[in-house]
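Asks: Please find one structure pasted underneath; my questions will follow.
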Amino acid sequence: MSTQWRSIALSDRLARHLLSEADLAERIDEAGLDAVVLGLERLDPLAPEGHQLDPTSLAPILARRIRNTRLLIAATNHREHPWNLARAVASLQNFVPSGSGLVLAARDRTVPDGRPGARAWDVGNLSRPVDIGPEATIDAGVVARKLWDDYPFDAVIADPSSNTYLDLERVRASDHRGVYDVAGPLPVPTRGRPLLSLFVPDGAPVAVPPAFDSVTVPLDLAIEAARGADAFGGRPLIAYVRDPDDLARAAESVRSGGQVLGVQALVTDDHALRTALKALGALG
Amino acid sequence: MTEDGRRLFLAYNVRSYGVSPRAWLSPQLTGREIFTADYWSRITRLAEKGLFDAVFAGDSSQFLGFNRIDIDGVDRFVAWASVVPHTERIGVIVTASTTYNDPYRLAERLLSLDLLSDGRVSWNLVTTFAEDAAANFGLARHPERGLRYRRAEEFAEVVVGLWDSAGDGPAVAHRGENFTVSGRLPLPRSPQGRPPIIRASSSDEGRRLAGRLAAAVFDSALTVTEAQERYRKVKSDARDAGRDPADLAYLPGLRIVLASTTAEAKARVDELFTQDPITRSEHESWFGGLIGANVADLDPDKPIPATVLEAATAAATADRDHLRASTLRVLADGPQIPLSEHLLRTRYLSGGHGTFVGAPEHLADRMEHWFRSYAADGFVIAPDLVTETLPILVEEVVPLLQRRGIYKHEYAASTLAGHFRAAAGRLSEVSA
């Protein structure tokens with residue numbers, strides 16, 4: 001990760017707008033951002049409500065227009081089992097020209113009332129339920145990283161001379177035992193290293209393992225956390241702002257040379273997008 | 001158009017590079033393009049040129065790379081979403097299991113892709129039968145068949161309820177054996193009303209569900225007689241659910257080895273078995289499993305003992321494994337031929353689907369015969385080689401079907417639900 005990580009999170013409405021506005025998408029793609037995040041509104045309890053398209057379907061379609069910037073998806077283990085999540089991201093990593101990754105959180109605020117939120121989805125009543133909380137979310141991230149690492153893309157050798165398609169020695173079962181028990185491997189290889197960021201909307205401190213590349217936290221909480229020693233296991237922090245006008249303050253925290261190494265701005269309309277791209281351009 | 005207004009519904013099965021374990025060796029491939037959006041788009045664009053109603057791919061919840069066939073394992077939503085911007089009319093059939101998914105999440109994923117494609121998505125509803133998948137989801141044991149099917153039925157009810165809740169529909173308030181769900185999907189309603197559901201298999205457990213909710217049944221049938229029997233059963237399931245039988249299509253799978261001449265197609269099968277010892281031993285192992293005996297223990301020059309076939313049929317019936325039972329029936333009812341000849345004839349039957357090896361004219365004959373005999377409303381075509389076969393289908397087979405009056409000359413609808421209705425002779429689109 002670069003020392004000045006610059007990314008935007010597109011609201012669902014804006015993402016859909018980009019499907020028909022090639023120029024706007026091109027402008028984003030030419031801004032030199034490190035990543036564009038899809039679906040983040042579902043992780044942020046303070047983001048505006050509205051329609052929420054599935055980012056795993058949105059990303060391959062937007063990838064036609066955004067080819068030079070990594071497209072990350074936001075998701076929760078509240079809603080999806082880590083094996084399914086890891087598989088979707090490994091697939092995106094292959095299909096999106098500049099790669100993909102996962103911004104992972106515990107709770108999906110679009111989960112309807114009937115599911116009280118005390119349990120993460122596992123396999124309904126087929127398995128033991130998983131308590132929602134940082135431990136399960138971090139374990140879901142660790143599972144994903146293991147599954148990605150255990151079936152690397154270069155295991156696909158496709159060598160006609162030896163009549164060998166896969167080097168099965170390089171495809172390993174992860175046999176993960178934790179909050180989740182996941183055997184693996186995935187059915188799809190992973191090209192390179194998908195990015196993995198833990199999203200902590202309330203800034204609650206947790207020990208974050210190296211499976212995660214970063215921790216995304218709201219700006220004020222990021223500044224506060226960075227004052228302490230090795231917050232979030234010393235992982236780099238991404239300061240998340242809901243209002244692009246706060247990007248200047250976020251940039252200061254990055255320039256101060258501490259643990260905050262990047263920024264992420266939620267953009268919900270054309271105006272916010274212009275503001276964000278201008279501020280992020282100045283940061284780069 | 002036929003007298004009753006029907007015309008063939010065709011879906012192309014993109015099972016990685018094809019059902020041959022040597023498909024990846026095609027000179028047209030580098031072997032890695034299956035992991036690119038370009039591969040899936042290229043195939044789908046060509047299928048659209050041939051006016052195929054849909055493209056299809058099965059799915060699994062475990063690594064299958066050992067079989068050298070199911071090698072892509074790409075998340076089906078990612079694969080099919082990537083073709084959406086490059087196509088306009090062709091539908092995409094997304095296979096997703098009710099065993100290892102959550103109904104709210106799956107309803108959301110299916111409706112999202114449906115909206116993004118302007119109504120071109122269908123859900124191929126399957127339960128996961130492969131036992132290996134359980135360990136990926138923390139289960140010590142794979143759930144038994146009865147439990148899986150009860151879960152599937154409830155799962156489908158929840159998904160349909162959630163689709164109907166989208167827009168300003170009524171909120172779901174579901175409390176059942178497997179799921180407790182209430183609320184609405186935060187999405188607009190589908191342009192299709194609901195994405196059509198395809199029920200994989202005509203097994204007894206899934207009949208009620210298909211009769212009530214499905215637009216099609218995708219099935220395995222080896223003979224025209226068997227298919228006619230299933231066709232009638234599926235149509236009666238729709239009738240029993242108070243629906244018009246024309247609204248529930250019967251689509252058997254059809255495995256094809258297609259070449260310009262029959263000799264060329266047959267040579268391709270022979271080559272697979274002579275040049276690929278693994279294929280031969282895998283086939284013998286599959287055949288041994290089918291008849292419940294070790295092939296090496298039997299005399300290759302004599303017919304399979306009747307006692308062996310009877311015992312295997314009894315076991316398949318007891319297990320309610322209709323695929324195995326019907327394959328065994330084909331063996332038992334056929335001529336008394338040596339075991340070695342059985343092994344040759346069944347080389348492409350391991351998937352349980354009807355098999356065709358030959359030239360375009362004969363494939364058109366076969367499809368027309370099944371279609372006009374009410375053994376099929378259409379087919380899900382699974383080729384041995386995906387990239388080589390599709391141009392022959394589009395350029396040679398489709399014009400033959402058109403000349404015979406059983407295939408369209410242009411798309412009559414813009415949604416997949418519309419394609420189903422057009423194939424059934426009902427041209428009006430479904431309004432959302």
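Residues in the structure tokens are numbered from 1 in each chain, the chains being A, B, ... in the order shown, and ligands are numbered from 1 in the order shown.
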Any idea what's packed within 12 Å of Asp219 of chain B, counting only C-alpha atoms, ignoring anything in its chain fewer than 5 positions away? Could you give it as an mmCIF file with N, CA and C atoms, in the first residue's frame?

Replies:
data_model
loop_
_atom_site.group_PDB
_atom_site.id
_atom_site.type_symbol
_atom_site.label_atom_id
_atom_site.label_comp_id
_atom_site.auth_asym_id
_atom_site.auth_seq_id
_atom_site.Cartn_x
_atom_site.Cartn_y
_atom_site.Cartn_z
ATOM 1 N N ASN B 124 -31.245 -20.699 -11.404
ATOM 2 C CA ASN B 124 -31.281 -22.162 -11.431
ATOM 3 C C ASN B 124 -31.131 -22.650 -9.998
ATOM 4 N N VAL B 126 -30.726 -24.997 -7.070
ATOM 5 C CA VAL B 126 -30.196 -26.342 -6.809
ATOM 6 C C VAL B 126 -29.987 -26.526 -5.305
ATOM 7 N N ILE B 198 -35.597 -21.588 -12.352
ATOM 8 C CA ILE B 198 -35.468 -22.877 -13.028
ATOM 9 C C ILE B 198 -35.164 -23.903 -11.949
ATOM 10 N N ARG B 199 -35.933 -24.970 -11.941
ATOM 11 C CA ARG B 199 -35.724 -26.008 -10.944
ATOM 12 C C ARG B 199 -34.895 -27.103 -11.596
ATOM 13 N N ALA B 200 -33.723 -27.383 -11.018
ATOM 14 C CA ALA B 200 -32.873 -28.424 -11.579
ATOM 15 C C ALA B 200 -33.378 -29.780 -11.093
ATOM 16 N N SER B 201 -33.733 -30.628 -12.007
ATOM 17 C CA SER B 201 -34.227 -32.002 -11.828
ATOM 18 C C SER B 201 -35.732 -32.055 -11.602
ATOM 19 N N SER B 202 -36.292 -33.173 -12.054
ATOM 20 C CA SER B 202 -37.739 -33.373 -11.886
ATOM 21 C C SER B 202 -37.990 -34.368 -10.761
ATOM 22 N N SER B 203 -37.024 -34.483 -9.839
ATOM 23 C CA SER B 203 -37.168 -35.455 -8.749
ATOM 24 C C SER B 203 -38.423 -35.141 -7.934
ATOM 25 N N GLY B 206 -38.751 -32.082 -5.495
ATOM 26 C CA GLY B 206 -38.821 -30.707 -5.986
ATOM 27 C C GLY B 206 -40.066 -30.403 -6.797
ATOM 28 N N ARG B 207 -40.970 -31.384 -6.932
ATOM 29 C CA ARG B 207 -42.089 -31.226 -7.871
ATOM 30 C C ARG B 207 -43.049 -30.116 -7.467
ATOM 31 N N ALA B 210 -41.502 -26.721 -8.066
ATOM 32 C CA ALA B 210 -41.450 -26.373 -9.492
ATOM 33 C C ALA B 210 -42.843 -26.022 -10.003
ATOM 34 N N GLU B 226 -38.472 -41.680 -21.899
ATOM 35 C CA GLU B 226 -38.286 -41.209 -20.521
ATOM 36 C C GLU B 226 -38.594 -39.709 -20.439
ATOM 37 N N ALA B 227 -38.122 -38.966 -21.429
ATOM 38 C CA ALA B 227 -38.338 -37.512 -21.422
ATOM 39 C C ALA B 227 -39.819 -37.172 -21.570
ATOM 40 N N GLN B 228 -40.516 -37.936 -22.407
ATOM 41 C CA GLN B 228 -41.963 -37.682 -22.578
ATOM 42 C C GLN B 228 -42.708 -37.896 -21.261
ATOM 43 N N ARG B 230 -41.486 -37.582 -18.248
ATOM 44 C CA ARG B 230 -41.159 -36.474 -17.342
ATOM 45 C C ARG B 230 -41.864 -35.184 -17.787
ATOM 46 N N TYR B 231 -41.914 -35.007 -19.085
ATOM 47 C CA TYR B 231 -42.582 -33.814 -19.655
ATOM 48 C C TYR B 231 -44.020 -33.749 -19.142
ATOM 49 N N VAL B 234 -44.154 -32.957 -15.380
ATOM 50 C CA VAL B 234 -43.864 -31.545 -15.087
ATOM 51 C C VAL B 234 -45.075 -30.673 -15.435
ATOM 52 N N ALA B 249 -41.742 -24.783 -18.561
ATOM 53 C CA ALA B 249 -41.053 -25.457 -19.669
ATOM 54 C C ALA B 249 -40.266 -26.663 -19.158
ATOM 55 N N TYR B 250 -40.158 -27.670 -20.008
ATOM 56 C CA TYR B 250 -39.349 -28.838 -19.675
ATOM 57 C C TYR B 250 -38.088 -28.815 -20.544
ATOM 58 N N LEU B 251 -36.942 -28.698 -19.912
ATOM 59 C CA LEU B 251 -35.674 -28.523 -20.635
ATOM 60 C C LEU B 251 -34.674 -29.610 -20.239
ATOM 61 N N PRO B 252 -34.617 -30.709 -20.961
ATOM 62 C CA PRO B 252 -33.580 -31.688 -20.652
ATOM 63 C C PRO B 252 -32.201 -31.197 -21.072
ATOM 64 N N GLY B 253 -31.185 -31.654 -20.369
ATOM 65 C CA GLY B 253 -29.821 -31.363 -20.787
ATOM 66 C C GLY B 253 -29.479 -32.210 -21.996
ATOM 67 N N LEU B 254 -28.611 -31.700 -22.835
ATOM 68 C CA LEU B 254 -28.181 -32.462 -24.012
ATOM 69 C C LEU B 254 -26.676 -32.279 -24.172
ATOM 70 N N HIS B 322 -32.870 -41.091 -9.061
ATOM 71 C CA HIS B 322 -33.552 -41.399 -10.320
ATOM 72 C C HIS B 322 -32.614 -41.366 -11.516
ATOM 73 N N LEU B 323 -31.550 -40.568 -11.402
ATOM 74 C CA LEU B 323 -30.576 -40.494 -12.486
ATOM 75 C C LEU B 323 -29.904 -41.849 -12.691
ATOM 76 N N GLY B 351 -22.812 -37.845 -16.915
ATOM 77 C CA GLY B 351 -23.559 -36.718 -16.350
ATOM 78 C C GLY B 351 -25.055 -36.998 -16.315
ATOM 79 N N GLY B 352 -25.469 -38.132 -16.884
ATOM 80 C CA GLY B 352 -26.871 -38.505 -16.837
ATOM 81 C C GLY B 352 -27.728 -37.844 -17.904
ATOM 82 N N HIS B 353 -27.127 -37.009 -18.732
ATOM 83 C CA HIS B 353 -27.913 -36.331 -19.763
ATOM 84 C C HIS B 353 -27.889 -37.118 -21.069
ATOM 85 N N GLY B 354 -28.915 -36.889 -21.899
ATOM 86 C CA GLY B 354 -28.915 -37.486 -23.205
ATOM 87 C C GLY B 354 -27.695 -37.019 -23.984
ATOM 88 N N ALA B 375 -41.249 -34.193 -25.837
ATOM 89 C CA ALA B 375 -40.270 -34.729 -24.887
ATOM 90 C C ALA B 375 -39.402 -33.584 -24.370
ATOM 91 N N ALA B 376 -39.545 -32.415 -24.978
ATOM 92 C CA ALA B 376 -38.746 -31.247 -24.572
ATOM 93 C C ALA B 376 -39.383 -29.979 -25.117
ATOM 94 N N ASP B 377 -39.285 -28.894 -24.369
ATOM 95 C CA ASP B 377 -39.643 -27.569 -24.885
ATOM 96 C C ASP B 377 -38.386 -26.856 -25.382
ATOM 97 N N GLY B 378 -37.257 -27.437 -25.069
ATOM 98 C CA GLY B 378 -35.973 -26.864 -25.466
ATOM 99 C C GLY B 378 -34.874 -27.644 -24.775
ATOM 100 N N PHE B 379 -33.663 -27.162 -24.895
ATOM 101 C CA PHE B 379 -32.530 -27.921 -24.363
ATOM 102 C C PHE B 379 -31.507 -26.996 -23.721
ATOM 103 N N VAL B 380 -30.833 -27.541 -22.734
ATOM 104 C CA VAL B 380 -29.628 -26.899 -22.212
ATOM 105 C C VAL B 380 -28.477 -27.704 -22.803
ATOM 106 N N ILE B 381 -27.786 -27.083 -23.750
ATOM 107 C CA ILE B 381 -26.804 -27.823 -24.555
ATOM 108 C C ILE B 381 -25.417 -27.721 -23.925
#

Asks: Could you list, as number ranges by chain, every residue within 10 Å of Leu343 of chain B, counting only C-alpha atoms and ignoring same-chain residues fewer than 2 positions away?

Replies: B: 280, 283-284, 287-288, 295, 300, 338-341, 345-348

Asks: So that I can see what lies close to segment 49-58 of chain A, please list as a PyMOL selection string the residues with an atom at most 9 Å from it, counting only C-alpha atoms and leaving out residues fewer than 6 positions away in the same chain.

Replies: (chain A and resi 11-13+15-16+37-39+41-42+72-75+88-89+92+110) or (chain B and resi 77-82+105+108-113+115-116+185-188)

Asks: Next, write the just-selected residues to a file, as a short mmCIF file (atom, residue, chain, number, x, y, z; two decimals), in the first residue's frame, keeping N, CA and C atoms as the atom set.

Replies:
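Written out: again.cif:
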data_model
loop_
_atom_site.label_atom_id
_atom_site.label_comp_id
_atom_site.auth_asym_id
_atom_site.auth_seq_id
_atom_site.Cartn_x
_atom_site.Cartn_y
_atom_site.Cartn_z
N SER A 11 -21.58 5.96 -3.56
CA SER A 11 -22.92 5.58 -3.11
C SER A 11 -23.57 4.75 -4.20
N ASP A 12 -24.57 4.00 -3.82
CA ASP A 12 -25.26 3.16 -4.79
C ASP A 12 -25.84 4.00 -5.94
N ARG A 13 -26.42 5.15 -5.58
CA ARG A 13 -27.03 6.00 -6.60
C ARG A 13 -25.98 6.50 -7.60
N ALA A 15 -23.05 5.14 -8.21
CA ALA A 15 -22.50 4.00 -8.97
C ALA A 15 -23.40 3.67 -10.15
N ARG A 16 -24.72 3.69 -9.92
CA ARG A 16 -25.65 3.40 -11.02
C ARG A 16 -25.61 4.49 -12.08
N VAL A 37 -14.45 2.06 -3.84
CA VAL A 37 -15.16 1.07 -3.03
C VAL A 37 -16.64 1.10 -3.39
N LEU A 38 -17.23 -0.07 -3.56
CA LEU A 38 -18.67 -0.18 -3.86
C LEU A 38 -19.39 -0.84 -2.69
N GLY A 39 -20.53 -0.29 -2.33
CA GLY A 39 -21.38 -0.92 -1.31
C GLY A 39 -21.07 -0.50 0.12
N GLU A 41 -22.03 1.96 1.87
CA GLU A 41 -23.17 2.50 2.64
C GLU A 41 -23.81 1.45 3.54
N ARG A 42 -23.71 0.19 3.12
CA ARG A 42 -24.34 -0.84 3.93
C ARG A 42 -23.57 -1.13 5.21
N LEU A 72 -12.94 -2.24 -5.05
CA LEU A 72 -13.14 -3.04 -3.84
C LEU A 72 -14.64 -3.19 -3.57
N ILE A 73 -15.01 -4.27 -2.94
CA ILE A 73 -16.41 -4.40 -2.51
C ILE A 73 -16.48 -4.36 -0.99
N ALA A 74 -17.59 -3.82 -0.49
CA ALA A 74 -17.84 -3.81 0.95
C ALA A 74 -18.79 -4.96 1.27
N ALA A 75 -18.53 -5.65 2.36
CA ALA A 75 -19.39 -6.79 2.73
C ALA A 75 -19.25 -7.07 4.21
N ALA A 88 -16.03 -14.85 -3.99
CA ALA A 88 -16.47 -13.72 -4.82
C ALA A 88 -15.31 -12.75 -5.06
N VAL A 89 -14.54 -12.48 -4.01
CA VAL A 89 -13.43 -11.52 -4.16
C VAL A 89 -12.31 -12.11 -5.02
N LEU A 92 -13.46 -11.63 -8.50
CA LEU A 92 -13.32 -10.24 -8.93
C LEU A 92 -11.86 -9.89 -9.18
N THR A 110 -28.49 -3.14 6.36
CA THR A 110 -29.69 -3.45 5.58
C THR A 110 -30.32 -4.77 6.02
N PHE B 77 -22.13 -14.90 -10.12
CA PHE B 77 -22.59 -13.53 -10.30
C PHE B 77 -21.50 -12.68 -10.95
N VAL B 78 -20.27 -12.90 -10.56
CA VAL B 78 -19.16 -12.15 -11.16
C VAL B 78 -19.04 -12.51 -12.64
N ALA B 79 -19.10 -13.79 -12.94
CA ALA B 79 -18.94 -14.22 -14.34
C ALA B 79 -20.05 -13.64 -15.21
N TRP B 80 -21.30 -13.78 -14.76
CA TRP B 80 -22.41 -13.35 -15.62
C TRP B 80 -22.57 -11.84 -15.64
N ALA B 81 -22.25 -11.17 -14.54
CA ALA B 81 -22.32 -9.70 -14.58
C ALA B 81 -21.34 -9.17 -15.63
N SER B 82 -20.22 -9.84 -15.79
CA SER B 82 -19.22 -9.33 -16.73
C SER B 82 -19.71 -9.37 -18.18
N ARG B 105 -29.63 -12.78 1.29
CA ARG B 105 -28.46 -12.39 0.51
C ARG B 105 -28.62 -12.83 -0.95
N GLU B 108 -31.15 -10.77 -2.82
CA GLU B 108 -30.56 -9.46 -3.12
C GLU B 108 -29.59 -9.57 -4.31
N ARG B 109 -28.78 -10.62 -4.31
CA ARG B 109 -27.80 -10.77 -5.40
C ARG B 109 -28.52 -11.00 -6.73
N LEU B 110 -29.51 -11.89 -6.73
CA LEU B 110 -30.20 -12.20 -7.98
C LEU B 110 -30.97 -10.99 -8.51
N LEU B 111 -31.66 -10.30 -7.62
CA LEU B 111 -32.43 -9.14 -8.09
C LEU B 111 -31.51 -8.02 -8.56
N SER B 112 -30.37 -7.85 -7.89
CA SER B 112 -29.41 -6.82 -8.32
C SER B 112 -28.94 -7.08 -9.74
N LEU B 113 -28.52 -8.31 -10.01
CA LEU B 113 -28.03 -8.63 -11.35
C LEU B 113 -29.17 -8.52 -12.37
N LEU B 115 -31.68 -6.43 -12.21
CA LEU B 115 -31.88 -5.01 -12.47
C LEU B 115 -30.77 -4.46 -13.36
N LEU B 116 -29.56 -4.86 -13.07
CA LEU B 116 -28.42 -4.35 -13.85
C LEU B 116 -28.46 -4.84 -15.30
N LEU B 185 -36.61 -5.93 0.61
CA LEU B 185 -35.34 -5.75 -0.11
C LEU B 185 -35.23 -4.27 -0.50
N PRO B 186 -34.11 -3.63 -0.18
CA PRO B 186 -33.98 -2.21 -0.55
C PRO B 186 -33.58 -2.05 -2.02
N LEU B 187 -34.46 -2.52 -2.90
CA LEU B 187 -34.19 -2.48 -4.34
C LEU B 187 -35.49 -2.24 -5.09
N PRO B 188 -35.41 -1.73 -6.32
CA PRO B 188 -36.63 -1.63 -7.13
C PRO B 188 -37.12 -3.03 -7.53
#

Asks: Report as a VMD selection string all protein, DNA and RNA residues lying within 10 Å of Asp243 of chain A, evaluated on only C-alpha atoms, omitting residues in the same chain fewer than 5 positions from it.

Replies: chain A and resid 265 to 268 272 275 to 276

Asks: At a cut-off of 7 Å, using only C-alpha atoms, what residues contact segment 254-262 of chain A? Leave out same-chain residues fewer than 6 positions from it and give the result as number ranges by chain.

Replies: A: 3-6, 222, 226, 236-239

Asks: Produce a file of the selected residues containing N, CA and C atoms, as a CSV table (one decimal), in the first residue's frame.

Replies:
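Output below, filename part10.csv:
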chain,number,residue,atom,x,y,z
A,3,THR,N,2.0,5.1,0.8
A,3,THR,CA,1.9,5.8,2.1
A,3,THR,C,0.8,6.8,2.1
A,4,GLN,N,0.3,7.2,0.9
A,4,GLN,CA,-0.8,8.1,0.8
A,4,GLN,C,-1.9,7.4,0.0
A,5,TRP,N,-2.7,6.6,0.7
A,5,TRP,CA,-3.7,5.8,0.1
A,5,TRP,C,-4.9,6.7,-0.1
A,6,ARG,N,-5.4,6.8,-1.4
A,6,ARG,CA,-6.5,7.7,-1.7
A,6,ARG,C,-7.6,6.9,-2.4
A,222,ALA,N,-10.0,7.9,13.8
A,222,ALA,CA,-8.7,7.6,13.3
A,222,ALA,C,-7.6,8.4,13.9
A,226,ALA,N,-4.7,7.1,16.4
A,226,ALA,CA,-3.3,7.2,16.0
A,226,ALA,C,-2.5,7.8,17.1
A,236,PRO,N,-2.0,-0.1,9.3
A,236,PRO,CA,-2.2,1.2,8.7
A,236,PRO,C,-3.7,1.6,8.8
A,237,LEU,N,-3.9,2.9,9.1
A,237,LEU,CA,-5.3,3.3,9.3
A,237,LEU,C,-5.7,4.1,8.0
A,238,ILE,N,-6.9,3.9,7.6
A,238,ILE,CA,-7.5,4.7,6.5
A,238,ILE,C,-8.6,5.6,7.2
A,239,ALA,N,-8.5,6.9,7.0
A,239,ALA,CA,-9.4,7.8,7.6
A,239,ALA,C,-10.6,8.0,6.7

Asks: Please list as a list in words every residue within 8 Å of Val55 of chain B, counting only C-alpha atoms and excluding residues in the same chain fewer than 4 positions away.

Replies: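 So, after excluding close chain neighbours, the residues are Ala11, Tyr12, Asn13, Val14, Thr44, Ala47, Ile90, Gly91, Val92 and Ile93 of chain B.
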
Asks: Which of these residues is nearest to Ala204 of chain A, using only C-alpha atoms: A:Ala31, A:Ala106, A:Leu277, A:Leu186?

Replies: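 Closest candidate: A:Ala106.
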
Asks: Out of A:Ala22, A:Asn94, A:Arg177, A:Val241, which residue has the shortest atom-to-atom distance to Tyr39 of chain B when counting only C-alpha atoms?

Replies: A:Asn94

Asks: Residues of chain B no more than 7 Å from chain A, counting only C-alpha atoms: send them over as a PyMOL selection string.

Replies: chain B and resi 25+31+35-37+62-64+72-75+77-78+81-82+84-85+100-101+105+108-109+112-113+135-139+178-183+186-187

Asks: Do you know which residues are at most 9 Å from Arg194 of chain B counting only C-alpha atoms, after dropping those on the same chain fewer than 3 positions away, and could you put them as a ChimeraX atom specification?

Replies: /B:111,119,122,160,163-164,189-191,197,417,432

Asks: Report the residues of segment 19-251 of chain A whose backbone DSSP state falls under strand (DSSP E or B), written as an NGL selection string.

Replies: :A and (35-38 or 70-76 or 100-105 or 119-120 or 123 or 125 or 130-131 or 152 or 156-159 or 164-166 or 176-177 or 181-182 or 190 or 195-199 or 214-218 or 237-241)

Asks: May I have the selected residues written with C-alpha atoms, as a PDB file, in the first residue's frame?

Replies:
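Full text of part-v7.pdb as output:
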ATOM      1  CA  ALA A  35      -9.231   2.292  -5.094  1.00  0.00           C
ATOM      2  CA  VAL A  36     -12.942   2.789  -5.598  1.00  0.00           C
ATOM      3  CA  VAL A  37     -15.161   1.069  -3.030  1.00  0.00           C
ATOM      4  CA  LEU A  38     -18.668  -0.185  -3.862  1.00  0.00           C
ATOM      5  CA  ARG A  70      -8.861  -1.167  -8.166  1.00  0.00           C
ATOM      6  CA  LEU A  71     -12.539  -1.895  -7.413  1.00  0.00           C
ATOM      7  CA  LEU A  72     -13.144  -3.044  -3.843  1.00  0.00           C
ATOM      8  CA  ILE A  73     -16.410  -4.396  -2.514  1.00  0.00           C
ATOM      9  CA  ALA A  74     -17.835  -3.815   0.950  1.00  0.00           C
ATOM     10  CA  ALA A  75     -19.388  -6.788   2.728  1.00  0.00           C
ATOM     11  CA  THR A  76     -20.087  -8.268   6.126  1.00  0.00           C
ATOM     12  CA  SER A 100     -10.125  -6.060  -6.256  1.00  0.00           C
ATOM     13  CA  GLY A 101     -10.403  -6.505  -2.524  1.00  0.00           C
ATOM     14  CA  LEU A 102     -12.723  -6.459   0.424  1.00  0.00           C
ATOM     15  CA  VAL A 103     -13.733  -3.873   2.984  1.00  0.00           C
ATOM     16  CA  LEU A 104     -15.089  -6.106   5.713  1.00  0.00           C
ATOM     17  CA  ALA A 105     -17.291  -5.189   8.651  1.00  0.00           C
ATOM     18  CA  ARG A 119     -25.970 -13.968  14.913  1.00  0.00           C
ATOM     19  CA  ALA A 120     -23.887 -13.917  11.777  1.00  0.00           C
ATOM     20  CA  VAL A 123     -25.682 -22.014   7.216  1.00  0.00           C
ATOM     21  CA  ASN A 125     -29.780 -23.954  11.363  1.00  0.00           C
ATOM     22  CA  VAL A 130     -21.697 -17.489  15.045  1.00  0.00           C
ATOM     23  CA  ASP A 131     -21.885 -14.488  17.352  1.00  0.00           C
ATOM     24  CA  PRO A 152      -2.509 -19.045  -6.125  1.00  0.00           C
ATOM     25  CA  VAL A 156      -2.870 -23.043 -13.163  1.00  0.00           C
ATOM     26  CA  ILE A 157      -0.051 -24.196 -15.395  1.00  0.00           C
ATOM     27  CA  ALA A 158      -2.121 -25.369 -18.398  1.00  0.00           C
ATOM     28  CA  ASP A 159       0.826 -27.239 -19.875  1.00  0.00           C
ATOM     29  CA  THR A 164      -1.293 -31.021 -16.748  1.00  0.00           C
ATOM     30  CA  TYR A 165      -3.828 -28.311 -16.156  1.00  0.00           C
ATOM     31  CA  LEU A 166      -3.381 -27.681 -12.447  1.00  0.00           C
ATOM     32  CA  HIS A 176      -8.886 -23.294   9.164  1.00  0.00           C
ATOM     33  CA  ARG A 177     -10.154 -23.763  12.721  1.00  0.00           C
ATOM     34  CA  ASP A 181     -14.209 -23.866  10.502  1.00  0.00           C
ATOM     35  CA  VAL A 182     -13.412 -23.791   6.794  1.00  0.00           C
ATOM     36  CA  THR A 190      -6.474 -15.952  -6.747  1.00  0.00           C
ATOM     37  CA  LEU A 195      -6.680  -5.967  -0.537  1.00  0.00           C
ATOM     38  CA  LEU A 196      -8.390  -6.517   2.779  1.00  0.00           C
ATOM     39  CA  SER A 197      -9.450  -3.700   5.070  1.00  0.00           C
ATOM     40  CA  LEU A 198     -11.381  -3.990   8.319  1.00  0.00           C
ATOM     41  CA  PHE A 199     -14.097  -1.359   8.629  1.00  0.00           C
ATOM     42  CA  SER A 214      -5.479  -1.763   6.812  1.00  0.00           C
ATOM     43  CA  VAL A 215      -8.245  -0.646   9.142  1.00  0.00           C
ATOM     44  CA  THR A 216     -10.792   1.895   7.918  1.00  0.00           C
ATOM     45  CA  VAL A 217     -12.224   4.133  10.665  1.00  0.00           C
ATOM     46  CA  PRO A 218     -14.103   7.454  10.691  1.00  0.00           C
ATOM     47  CA  LEU A 237      -5.300   3.333   9.261  1.00  0.00           C
ATOM     48  CA  ILE A 238      -7.535   4.736   6.520  1.00  0.00           C
ATOM     49  CA  ALA A 239      -9.449   7.833   7.634  1.00  0.00           C
ATOM     50  CA  TYR A 240     -13.018   7.589   6.401  1.00  0.00           C
ATOM     51  CA  VAL A 241     -14.995  10.783   5.763  1.00  0.00           C
TER      52      VAL A 241
END

Asks: For Ile28 of chain A, which of A:Asp154, A:Ala9, A:Arg109, A:Val263 is the closest residue, counting only C-alpha atoms?

Replies: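 Among the listed residues, A:Ala9 lies closest to Ile28 of chain A.
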
Asks: Smallest atom-to-atom distance to Arg227 of chain A: which of A:Ser253, A:Arg170, A:Gly99, A:Val200, using only C-alpha atoms?

Replies: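 Ranking A:Ser253, A:Arg170, A:Gly99, A:Val200 by distance to Arg227 of chain A, first place goes to A:Ser253.
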